[in-house]
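Structure file data.tsv (TSV, C-alpha atoms and all ligand atoms) is printed below.
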chain	number	residue	atom	x	y	z
A	1	MET	CA	-28.85	-3.88	12.77
A	2	THR	CA	-25.81	-1.72	12.06
A	3	ALA	CA	-22.48	-2.42	13.71
A	4	ASN	CA	-20.77	-0.01	16.07
A	5	ILE	CA	-17.86	1.55	14.24
A	6	ILE	CA	-14.52	1.18	16.00
A	7	ASP	CA	-13.01	4.63	15.62
A	8	GLY	CA	-9.32	3.90	15.14
A	9	LYS	CA	-8.54	7.55	14.56
A	10	ALA	CA	-9.92	8.61	17.95
A	11	ILE	CA	-8.33	5.65	19.77
A	12	ALA	CA	-4.98	6.32	18.07
A	13	GLU	CA	-5.20	9.98	19.11
A	14	ALA	CA	-5.73	8.92	22.73
A	15	VAL	CA	-2.70	6.59	22.56
A	16	ARG	CA	-0.61	9.37	21.01
A	17	ARG	CA	-1.68	11.81	23.73
A	18	GLU	CA	-0.62	9.29	26.37
A	19	ALA	CA	2.78	8.94	24.64
A	20	ALA	CA	3.10	12.76	24.60
A	21	ASP	CA	2.25	13.01	28.32
A	22	GLU	CA	4.77	10.30	29.15
A	23	THR	CA	7.38	12.06	26.99
A	24	ALA	CA	6.85	15.29	28.94
A	25	ARG	CA	7.22	13.40	32.22
A	26	LEU	CA	10.44	11.70	31.02
A	27	GLN	CA	11.86	14.97	29.75
A	28	ALA	CA	11.24	16.61	33.13
A	29	LYS	CA	12.97	13.70	34.83
A	30	THR	CA	15.98	13.19	32.52
A	31	GLY	CA	16.28	16.28	30.33
A	32	GLN	CA	16.05	14.02	27.29
A	33	VAL	CA	13.20	12.87	25.06
A	34	PRO	CA	12.49	9.44	23.54
A	35	THR	CA	13.96	9.47	20.03
A	36	LEU	CA	13.18	7.34	17.01
A	37	ALA	CA	15.68	6.83	14.19
A	38	ALA	CA	14.23	5.74	10.86
A	39	VAL	CA	16.33	4.19	8.12
A	40	LEU	CA	15.00	4.79	4.63
A	41	VAL	CA	16.80	3.08	1.77
A	42	GLY	CA	15.86	4.04	-1.79
A	43	GLU	CA	13.04	6.16	-3.15
A	44	ASN	CA	9.91	4.02	-2.75
A	45	PRO	CA	7.16	6.73	-2.55
A	46	ALA	CA	4.98	4.78	-0.09
A	47	SER	CA	7.99	4.23	2.19
A	48	GLN	CA	8.88	7.93	1.98
A	49	THR	CA	5.32	8.83	3.01
A	50	TYR	CA	5.31	6.34	5.91
A	51	VAL	CA	8.65	7.55	7.23
A	52	SER	CA	7.65	11.20	7.04
A	53	SER	CA	4.32	10.47	8.84
A	54	LYS	CA	6.19	8.63	11.57
A	55	GLY	CA	8.61	11.55	11.98
A	56	LYS	CA	5.74	14.03	12.12
A	57	ALA	CA	3.90	11.96	14.74
A	58	CYS	CA	7.05	11.84	16.89
A	59	GLU	CA	7.46	15.60	16.70
A	60	GLU	CA	3.79	16.19	17.56
A	61	ALA	CA	4.27	14.06	20.67
A	62	GLY	CA	7.36	16.08	21.65
A	63	MET	CA	9.62	13.16	20.82
A	64	GLY	CA	12.82	13.20	18.81
A	65	SER	CA	12.91	11.91	15.25
A	66	ILE	CA	15.89	11.35	12.97
A	67	THR	CA	15.69	10.03	9.42
A	68	HIS	CA	18.71	8.46	7.76
A	69	LYS	CA	18.36	8.24	3.99
A	70	LEU	CA	20.51	5.93	1.91
A	71	PRO	CA	20.38	5.59	-1.87
A	72	ALA	CA	18.79	2.50	-3.45
A	73	THR	CA	22.32	1.55	-4.52
A	74	ALA	CA	23.50	1.27	-0.89
A	75	SER	CA	25.32	-1.97	-0.16
A	76	GLN	CA	24.36	-4.49	2.51
A	77	ALA	CA	27.45	-3.43	4.46
A	78	GLU	CA	26.45	0.25	4.35
A	79	VAL	CA	22.95	-0.48	5.68
A	80	GLU	CA	24.32	-2.80	8.34
A	81	ASP	CA	26.97	-0.24	9.38
A	82	LEU	CA	24.27	2.39	9.81
A	83	VAL	CA	22.21	0.05	12.01
A	84	GLY	CA	25.36	-0.66	14.02
A	85	THR	CA	25.98	3.08	14.52
A	86	LEU	CA	22.37	3.62	15.65
A	87	ASN	CA	22.58	0.64	18.01
A	88	ALA	CA	25.59	2.27	19.67
A	89	ASP	CA	24.12	5.81	19.83
A	90	PRO	CA	22.72	6.45	23.32
A	91	ALA	CA	20.55	9.31	21.95
A	92	VAL	CA	18.60	6.82	19.82
A	93	ASN	CA	15.95	4.83	21.68
A	94	GLY	CA	14.20	3.10	18.81
A	95	ILE	CA	15.33	2.00	15.34
A	96	LEU	CA	12.96	1.50	12.47
A	97	VAL	CA	14.20	0.12	9.16
A	98	GLN	CA	11.47	0.92	6.65
A	99	LEU	CA	10.51	-2.15	4.64
A	100	PRO	CA	10.65	-3.29	1.93
A	101	LEU	CA	14.35	-2.71	1.36
A	102	PRO	CA	15.40	-2.39	-2.30
A	103	LYS	CA	15.98	-5.63	-4.18
A	104	GLY	CA	19.36	-7.22	-3.53
A	105	LEU	CA	19.46	-6.27	0.16
A	106	ASN	CA	18.96	-8.98	2.75
A	107	GLU	CA	16.14	-7.67	4.97
A	108	GLN	CA	16.36	-10.49	7.45
A	109	ALA	CA	20.06	-9.92	8.08
A	110	VAL	CA	19.41	-6.19	8.68
A	111	LEU	CA	16.47	-6.77	11.05
A	112	ASP	CA	18.46	-9.37	13.00
A	113	LEU	CA	21.15	-6.74	13.67
A	114	ILE	CA	18.87	-4.23	15.40
A	115	SER	CA	19.60	-4.11	19.11
A	116	LEU	CA	16.83	-5.95	21.00
A	117	THR	CA	16.30	-2.98	23.29
A	118	LYS	CA	15.78	-0.65	20.28
A	119	ASP	CA	13.63	-3.01	18.18
A	120	VAL	CA	10.53	-0.77	18.26
A	121	ASP	CA	9.01	-2.57	15.25
A	122	GLY	CA	9.19	-5.78	17.30
A	123	PHE	CA	10.29	-7.85	14.29
A	124	HIS	CA	13.50	-9.27	15.79
A	125	PRO	CA	13.11	-13.07	15.94
A	126	MET	CA	13.89	-12.95	19.67
A	127	ASN	CA	11.00	-10.55	20.30
A	128	ILE	CA	8.62	-12.60	18.10
A	129	GLY	CA	9.84	-15.76	19.84
A	130	GLN	CA	9.13	-14.31	23.29
A	131	LEU	CA	5.69	-13.23	22.05
A	132	VAL	CA	4.64	-16.73	21.04
A	133	MET	CA	6.17	-18.51	24.06
A	134	LYS	CA	3.93	-19.04	27.04
A	135	GLY	CA	5.00	-17.13	30.14
A	136	ARG	CA	7.57	-15.00	28.27
A	137	THR	CA	7.33	-11.26	27.68
A	138	PRO	CA	8.80	-9.66	24.56
A	139	LEU	CA	10.60	-6.34	24.96
A	140	PHE	CA	8.48	-4.96	22.09
A	141	ILE	CA	5.29	-6.07	20.38
A	142	PRO	CA	4.89	-5.34	16.63
A	143	CYS	CA	2.88	-2.16	16.13
A	144	THR	CA	0.05	-3.16	13.78
A	145	PRO	CA	-0.87	-6.37	15.64
A	146	ASN	CA	-0.66	-4.55	18.97
A	147	GLY	CA	-2.84	-1.81	17.47
A	148	CYS	CA	-5.51	-4.42	16.66
A	149	ILE	CA	-5.51	-5.63	20.26
A	150	GLU	CA	-5.62	-2.07	21.59
A	151	LEU	CA	-8.71	-1.41	19.42
A	152	LEU	CA	-10.39	-4.48	20.94
A	153	LYS	CA	-9.41	-3.57	24.51
A	154	ARG	CA	-10.42	0.08	24.28
A	155	SER	CA	-13.71	-0.89	22.63
A	156	GLY	CA	-14.50	-3.22	25.55
A	157	ILE	CA	-14.56	-6.38	23.40
A	158	PRO	CA	-14.06	-9.44	25.62
A	159	MET	CA	-11.27	-11.69	24.33
A	160	ALA	CA	-11.06	-14.34	27.08
A	161	GLY	CA	-12.79	-17.47	25.83
A	162	ALA	CA	-13.84	-15.84	22.55
A	163	ASP	CA	-13.48	-17.75	19.28
A	164	ALA	CA	-11.10	-15.66	17.19
A	165	VAL	CA	-10.28	-16.28	13.54
A	166	VAL	CA	-7.24	-14.58	12.02
A	167	VAL	CA	-7.16	-14.66	8.22
A	168	GLY	CA	-3.52	-14.32	7.15
A	169	ARG	CA	-0.31	-15.70	8.63
A	170	SER	CA	2.33	-13.13	7.77
A	171	ASN	CA	5.18	-12.46	10.16
A	172	ILE	CA	4.21	-8.81	10.42
A	173	VAL	CA	0.46	-9.15	11.07
A	174	GLY	CA	-1.25	-12.57	11.11
A	175	ILE	CA	1.17	-14.56	13.26
A	176	PRO	CA	1.76	-11.90	15.95
A	177	VAL	CA	-1.92	-10.92	16.14
A	178	ALA	CA	-2.82	-14.60	16.63
A	179	ALA	CA	-0.22	-14.86	19.41
A	180	LEU	CA	-1.58	-11.74	21.10
A	181	LEU	CA	-5.16	-13.05	20.94
A	182	THR	CA	-3.98	-16.36	22.42
A	183	ASN	CA	-2.19	-14.45	25.18
A	184	SER	CA	-5.52	-12.68	25.85
A	185	ASP	CA	-7.12	-16.13	26.30
A	186	ALA	CA	-9.04	-16.25	23.01
A	187	THR	CA	-9.32	-19.59	21.19
A	188	VAL	CA	-7.55	-18.81	17.96
A	189	THR	CA	-7.76	-20.28	14.47
A	190	ILE	CA	-5.24	-19.06	11.88
A	191	CYS	CA	-6.37	-19.23	8.25
A	192	HIS	CA	-4.38	-18.81	5.04
A	193	SER	CA	-4.53	-19.42	1.33
A	194	LYS	CA	-4.77	-23.21	1.76
A	195	THR	CA	-7.58	-23.11	4.33
A	196	ARG	CA	-10.59	-25.16	3.25
A	197	ASN	CA	-14.12	-23.72	3.59
A	198	LEU	CA	-12.83	-20.33	4.74
A	199	PRO	CA	-16.32	-18.76	4.92
A	200	ASP	CA	-17.47	-21.53	7.30
A	201	VAL	CA	-14.41	-21.11	9.51
A	202	VAL	CA	-14.91	-17.32	9.65
A	203	ARG	CA	-18.62	-17.84	10.48
A	204	ARG	CA	-17.63	-19.47	13.79
A	205	ALA	CA	-15.74	-16.41	14.98
A	206	ASP	CA	-16.71	-13.98	17.72
A	207	ILE	CA	-13.69	-11.93	16.61
A	208	VAL	CA	-12.44	-11.84	13.01
A	209	VAL	CA	-9.10	-10.26	12.11
A	210	ALA	CA	-8.63	-9.97	8.35
A	211	ALA	CA	-5.02	-9.46	7.16
A	212	ILE	CA	-5.03	-10.87	3.66
A	213	GLY	CA	-4.21	-8.07	1.23
A	214	ARG	CA	-7.21	-8.73	-1.06
A	215	PRO	CA	-9.83	-6.01	-1.46
A	216	GLU	CA	-13.20	-6.80	0.18
A	217	TYR	CA	-12.44	-10.52	0.20
A	218	VAL	CA	-14.33	-11.36	3.40
A	219	ARG	CA	-18.05	-11.04	2.61
A	220	GLY	CA	-20.85	-9.97	4.92
A	221	ASP	CA	-22.45	-13.42	4.94
A	222	TRP	CA	-19.22	-14.91	6.35
A	223	ILE	CA	-19.70	-12.90	9.54
A	224	LYS	CA	-21.54	-14.30	12.56
A	225	PRO	CA	-24.25	-11.82	13.61
A	226	GLY	CA	-22.89	-9.62	16.38
A	227	ALA	CA	-19.23	-10.58	15.83
A	228	THR	CA	-16.38	-8.07	16.02
A	229	VAL	CA	-14.45	-7.46	12.81
A	230	ILE	CA	-10.95	-5.94	12.72
A	231	ASP	CA	-9.95	-5.17	9.16
A	232	VAL	CA	-6.19	-4.78	8.72
A	233	GLY	CA	-6.24	-4.68	4.91
A	234	ILE	CA	-5.22	-1.57	3.00
A	235	ASN	CA	-5.95	-1.99	-0.71
A	236	ARG	CA	-6.19	0.57	-3.48
A	237	ILE	CA	-9.07	0.10	-5.90
A	238	GLU	CA	-9.90	2.20	-8.93
A	239	ASP	CA	-12.54	4.86	-8.36
A	240	SER	CA	-13.15	7.34	-11.15
A	241	THR	CA	-15.21	9.56	-8.81
A	242	LYS	CA	-12.04	10.37	-6.84
A	243	LYS	CA	-9.54	12.97	-7.96
A	244	SER	CA	-6.72	10.50	-7.36
A	245	GLY	CA	-8.54	7.84	-9.42
A	246	PHE	CA	-8.53	5.36	-6.54
A	247	ARG	CA	-9.80	4.79	-3.03
A	248	LEU	CA	-8.70	2.63	-0.13
A	249	VAL	CA	-10.68	-0.41	0.96
A	250	GLY	CA	-10.01	-3.15	3.47
A	251	ASP	CA	-9.96	-6.91	3.19
A	252	VAL	CA	-13.59	-7.00	4.35
A	253	ALA	CA	-16.62	-5.95	2.28
A	254	PHE	CA	-17.48	-3.19	4.75
A	255	ASP	CA	-20.94	-2.28	3.38
A	256	GLU	CA	-22.09	-5.88	3.78
A	257	ALA	CA	-20.30	-6.67	7.04
A	258	VAL	CA	-21.50	-3.51	8.81
A	259	LYS	CA	-25.06	-4.86	8.56
A	260	VAL	CA	-24.19	-8.11	10.35
A	261	ALA	CA	-21.29	-7.42	12.73
A	262	GLY	CA	-21.62	-6.06	16.27
A	263	CYS	CA	-18.50	-3.89	15.92
A	264	ILE	CA	-16.28	-3.24	12.92
A	265	SER	CA	-13.15	-1.22	12.22
A	266	PRO	CA	-13.39	0.77	8.97
A	267	VAL	CA	-10.74	1.32	6.28
A	268	PRO	CA	-9.43	3.96	6.35
A	269	GLY	CA	-9.71	5.09	9.97
A	270	GLY	CA	-9.48	1.74	11.77
A	271	VAL	CA	-6.25	-0.19	12.25
A	272	GLY	CA	-4.21	2.15	10.01
A	273	PRO	CA	-3.80	5.06	12.48
A	274	MET	CA	-3.00	2.64	15.30
A	275	THR	CA	0.32	1.51	13.80
A	276	ILE	CA	2.06	4.86	14.27
A	277	ALA	CA	0.43	5.35	17.68
A	278	MET	CA	1.86	2.02	18.89
A	279	LEU	CA	5.26	2.94	17.42
A	280	LEU	CA	5.32	6.03	19.66
A	281	THR	CA	4.37	3.88	22.65
A	282	ASN	CA	7.20	1.46	21.81
A	283	THR	CA	9.73	4.30	21.47
A	284	VAL	CA	8.76	5.60	24.91
A	285	ARG	CA	9.14	2.04	26.19
A	286	GLY	CA	12.61	1.79	24.62
A	287	PHE	CA	13.67	5.05	26.28
A	288	LYS	CA	12.50	3.83	29.69
A	289	MET	CA	14.24	0.50	29.26
A	290	GLN	CA	17.52	2.17	28.29
A	291	HIS	CA	17.28	4.64	31.18
A	292	GLY	CA	16.17	2.04	33.72
A	293	ILE	CA	12.93	3.93	34.41
A	294	GLU	CA	9.74	2.08	35.39
B	301	LIG	P1	0.99	-10.80	3.25
B	301	LIG	O1	2.36	-10.93	3.83
B	301	LIG	O2	0.80	-10.79	1.78
B	301	LIG	O3	0.14	-12.03	3.85
B	301	LIG	C1	-1.16	-12.27	3.41
B	301	LIG	C2	-1.70	-13.49	4.12
B	301	LIG	O4	-3.03	-13.70	3.62
B	301	LIG	C3	-0.90	-14.77	3.84
B	301	LIG	O5	-0.75	-15.51	5.03
B	301	LIG	C4	-1.74	-15.52	2.83
B	301	LIG	O6	-1.72	-16.92	2.93
B	301	LIG	C5	-3.15	-15.04	3.20
B	301	LIG	N1	-4.02	-15.13	2.06
B	301	LIG	C6	-3.81	-14.66	0.79
B	301	LIG	N2	-4.84	-14.97	-0.01
B	301	LIG	C7	-5.72	-15.66	0.74
B	301	LIG	C8	-6.97	-16.27	0.49
B	301	LIG	N3	-7.52	-16.24	-0.72
B	301	LIG	N4	-7.60	-16.91	1.50
B	301	LIG	C9	-7.05	-16.95	2.73
B	301	LIG	N5	-5.86	-16.39	3.05
B	301	LIG	C10	-5.21	-15.77	2.06
B	301	LIG	O7	0.23	-9.54	3.80
B	301	LIG	P2	0.43	-8.69	5.16
B	301	LIG	O8	1.72	-7.98	5.11
B	301	LIG	O9	0.11	-9.54	6.34
B	301	LIG	O10	-0.72	-7.60	4.98
B	301	LIG	C11	-2.08	-7.96	4.92
B	301	LIG	C12	-2.90	-6.70	4.67
B	301	LIG	O11	-2.75	-5.81	5.77
B	301	LIG	C13	-2.48	-5.91	3.43
B	301	LIG	O12	-3.64	-5.33	2.84
B	301	LIG	C14	-1.61	-4.82	3.99
B	301	LIG	O13	-1.60	-3.65	3.19
B	301	LIG	C15	-2.28	-4.55	5.30
B	301	LIG	N6	-1.40	-3.98	6.34
B	301	LIG	C16	-1.83	-2.89	6.99
B	301	LIG	C17	-1.05	-2.33	7.99
B	301	LIG	C18	-1.55	-1.13	8.75
B	301	LIG	O14	-2.71	-0.93	8.89
B	301	LIG	N7	-0.73	-0.30	9.26
B	301	LIG	C19	0.19	-2.87	8.29
B	301	LIG	C20	0.60	-4.03	7.63
B	301	LIG	C21	-0.21	-4.57	6.64
B	301	LIG	P3	-0.39	-17.80	2.65
B	301	LIG	O15	0.45	-17.64	3.87
B	301	LIG	O16	-0.91	-19.18	2.46
B	301	LIG	O17	0.24	-17.21	1.42

Could you spell out this file's structure in structure tokens?
Ligand code: NAP
Amino acid sequence: MTANIIDGKAIAEAVRREAADETARLQAKTGQVPTLAAVLVGENPASQTYVSSKGKACEEAGMGSITHKLPATASQAEVEDLVGTLNADPAVNGILVQLPLPKGLNEQAVLDLISLTKDVDGFHPMNIGQLVMKGRTPLFIPCTPNGCIELLKRSGIPMAGADAVVVGRSNIVGIPVAALLTNSDATVTICHSKTRNLPDVVRRADIVVAAIGRPEYVRGDWIKPGATVIDVGINRIEDSTKKSGFRLVGDVAFDEAVKVAGCISPVPGGVGPMTIAMLLTNTVRGFKMQHGIE
């Protein structure tokens, strides 16, 4: 048996097309387009790449994109002032502060300042709080976790009543993805570095979400035959056959798991492309909220 591959690239393209269509509709109605402002502090090359991909994706969808660059030496007050200015700017519908911030800056204090209605990353404690509270609806859902759920939904994977195991409990992936699965009526177990008998726990799962940050950590024989595997991990491993000298792998040993799982998202080309797609969706949502449009 070979698992069905969940094509994150194709699903992300569909989500991005929908955001582009909605942008065109909003522009016709208001004369304005949803606009994302990114704050990039310092010269971290990965952060520079992420911010430029996000800007490019916005432009491709007909949306506005502004990048504010500050030097790594910027003070806490300078970063906070910039967030304050963007909060007050009616032409900005979503604010993204690219993490990690350079050492010495207080990330939490910066994220807490972002206006709730512009928090397109969904990391404000109020939005996370609403996400995990029963019967409450957050204004925004964090992009990567929401991308995982979108992959499941658009692949027709039933979540209600399913046993789901999330490996990882970070604020940006594990915790929100577990909350979203719970909200979709799955029975959710959250695992972490202190979990005992992890392979046995994972073996019970109809849906496995791996967000660990360790290359190919989840082995094929941990997977229940026919289960769905969502691999969030992005890890570089050395590969002398590649010009770059490395390749990207997930947190799941794909070659093993693909022989056991029913459906599996690959790395690259699974969850990765969904993050930016969901960011566009959130920026459109922010625009509609700020303009009072349903
Ligand atoms: P993180 O903050 O480092 O959290 C890792 C989690 O995995 C922690 O909860 C940790 O447990 C758990 N863990 C570590 N070693 C473990 C082990 N041996 N057994 C069980 N659990 C273990 O990482 P993250 O930010 O959530 O990211 C996870 C992965 O997703 C990374 O590869 C990252 O690059 C990737 N990622 C991808 C996207 C995307 O696709 N766009 C976005 C974000 C992240 P403790 O809590 O006990 O320490």

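Comparing the minimum interatomic distances between Ala77 in chain A and each of A:Ile293, A:Val271, A:Val92, A:Val110, counting all atoms listed in the file, we find that A:Val110 sits nearest.
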
Could you list, as a PyMOL selection string, all the residues within 6 Å of ligand LIG 301 (chain B), counting only C-alpha atoms and all ligand atoms?
chain A and resi 144+167-170+172-174+191-194+211-213+232-235+271-272+275

Minimum-distance residue to Val188 in chain A, chosen among A:Glu294, A:Asp163, A:Asn87, A:Asp206 (using only C-alpha atoms):
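Nearest candidate to Val188 in chain A out of A:Glu294, A:Asp163, A:Asn87, A:Asp206: A:Asp163.
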
Please identify all polymer residues within 8 Å of Val15 in chain A, counting all atoms listed in the file, omitting same-chain residues fewer than 6 positions from it, and present them as a PyMOL selection string.
chain A and resi 277-278+281

Need the shell around range 38-41 of chain A: protein/DNA/RNA residues with any atom at most 12 Å away, counting only C-alpha atoms. Skip same-chain ones fewer than 6 positions apart. Format as JSON, numbers by chain?
{"A": [47, 48, 49, 50, 51, 52, 53, 54, 55, 56, 58, 64, 65, 66, 67, 68, 69, 70, 71, 72, 73, 74, 75, 76, 78, 79, 80, 81, 82, 83, 84, 85, 86, 92, 93, 94, 95, 96, 97, 98, 99, 100, 101, 102, 103, 104, 105, 107, 110, 111, 114, 118, 119, 120, 121, 279, 283]}

The residue from A:Ile276, A:Leu248, A:Phe287, A:Gly269 with the smallest atom-to-atom distance to Leu139 in chain A, counting only C-alpha atoms, is A:Phe287

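Rounded to one decimal, CA of Leu280 in chain A and CA of Asn146 in chain A lie 12.2 Å from each other.
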
Residue nearest Phe254 in chain A among A:Gln290, A:Glu216, A:Pro268, A:Ile190 (counting only C-alpha atoms):
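Smallest separation from Phe254 in chain A among the options: A:Glu216.
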
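Proximity to Val258 in chain A was assessed for A:Gly292, A:Arg136, A:Val218, A:Ile5 counting all atoms listed in the file; the smallest distance is recorded for A:Ile5.
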
Nearest to Ile157 in chain A by atom-to-atom distance, counting only C-alpha atoms, from A:Thr228, A:Gln108, A:Ser265, A:Gly122:
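Of all the options, A:Thr228 lies closest to Ile157 in chain A.
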
Quick one, how far is CA of Lys259 in chain A from CA of Ser184 in chain A?
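Atom-to-atom, CA of Lys259 in chain A to CA of Ser184 in chain A, that is 27.2 Å.
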
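For the point (15.0, 6.8, 33.2), the residues with an atom at a distance of at most 12 Å are Glu22, Thr23, Arg25, Leu26, Gln27, Ala28, Lys29, Thr30, Gly31, Gln32, Val33, Pro34, Asn93, Val284, Arg285, Gly286, Phe287, Lys288, Met289, Gln290, His291, Gly292, Ile293 and Glu294 of chain A, counting all atoms listed in the file.
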
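The set of protein, DNA and RNA residues with any counted atom at most 6 Å from (4.4, -16.0, 16.1) (all atoms listed in the file) reads Ile128, Val132, Ile175, Pro176 and Ala179 of chain A.
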
CA of Thr117 in chain A sits from CA of Met133 in chain A at a separation of 18.6 Å
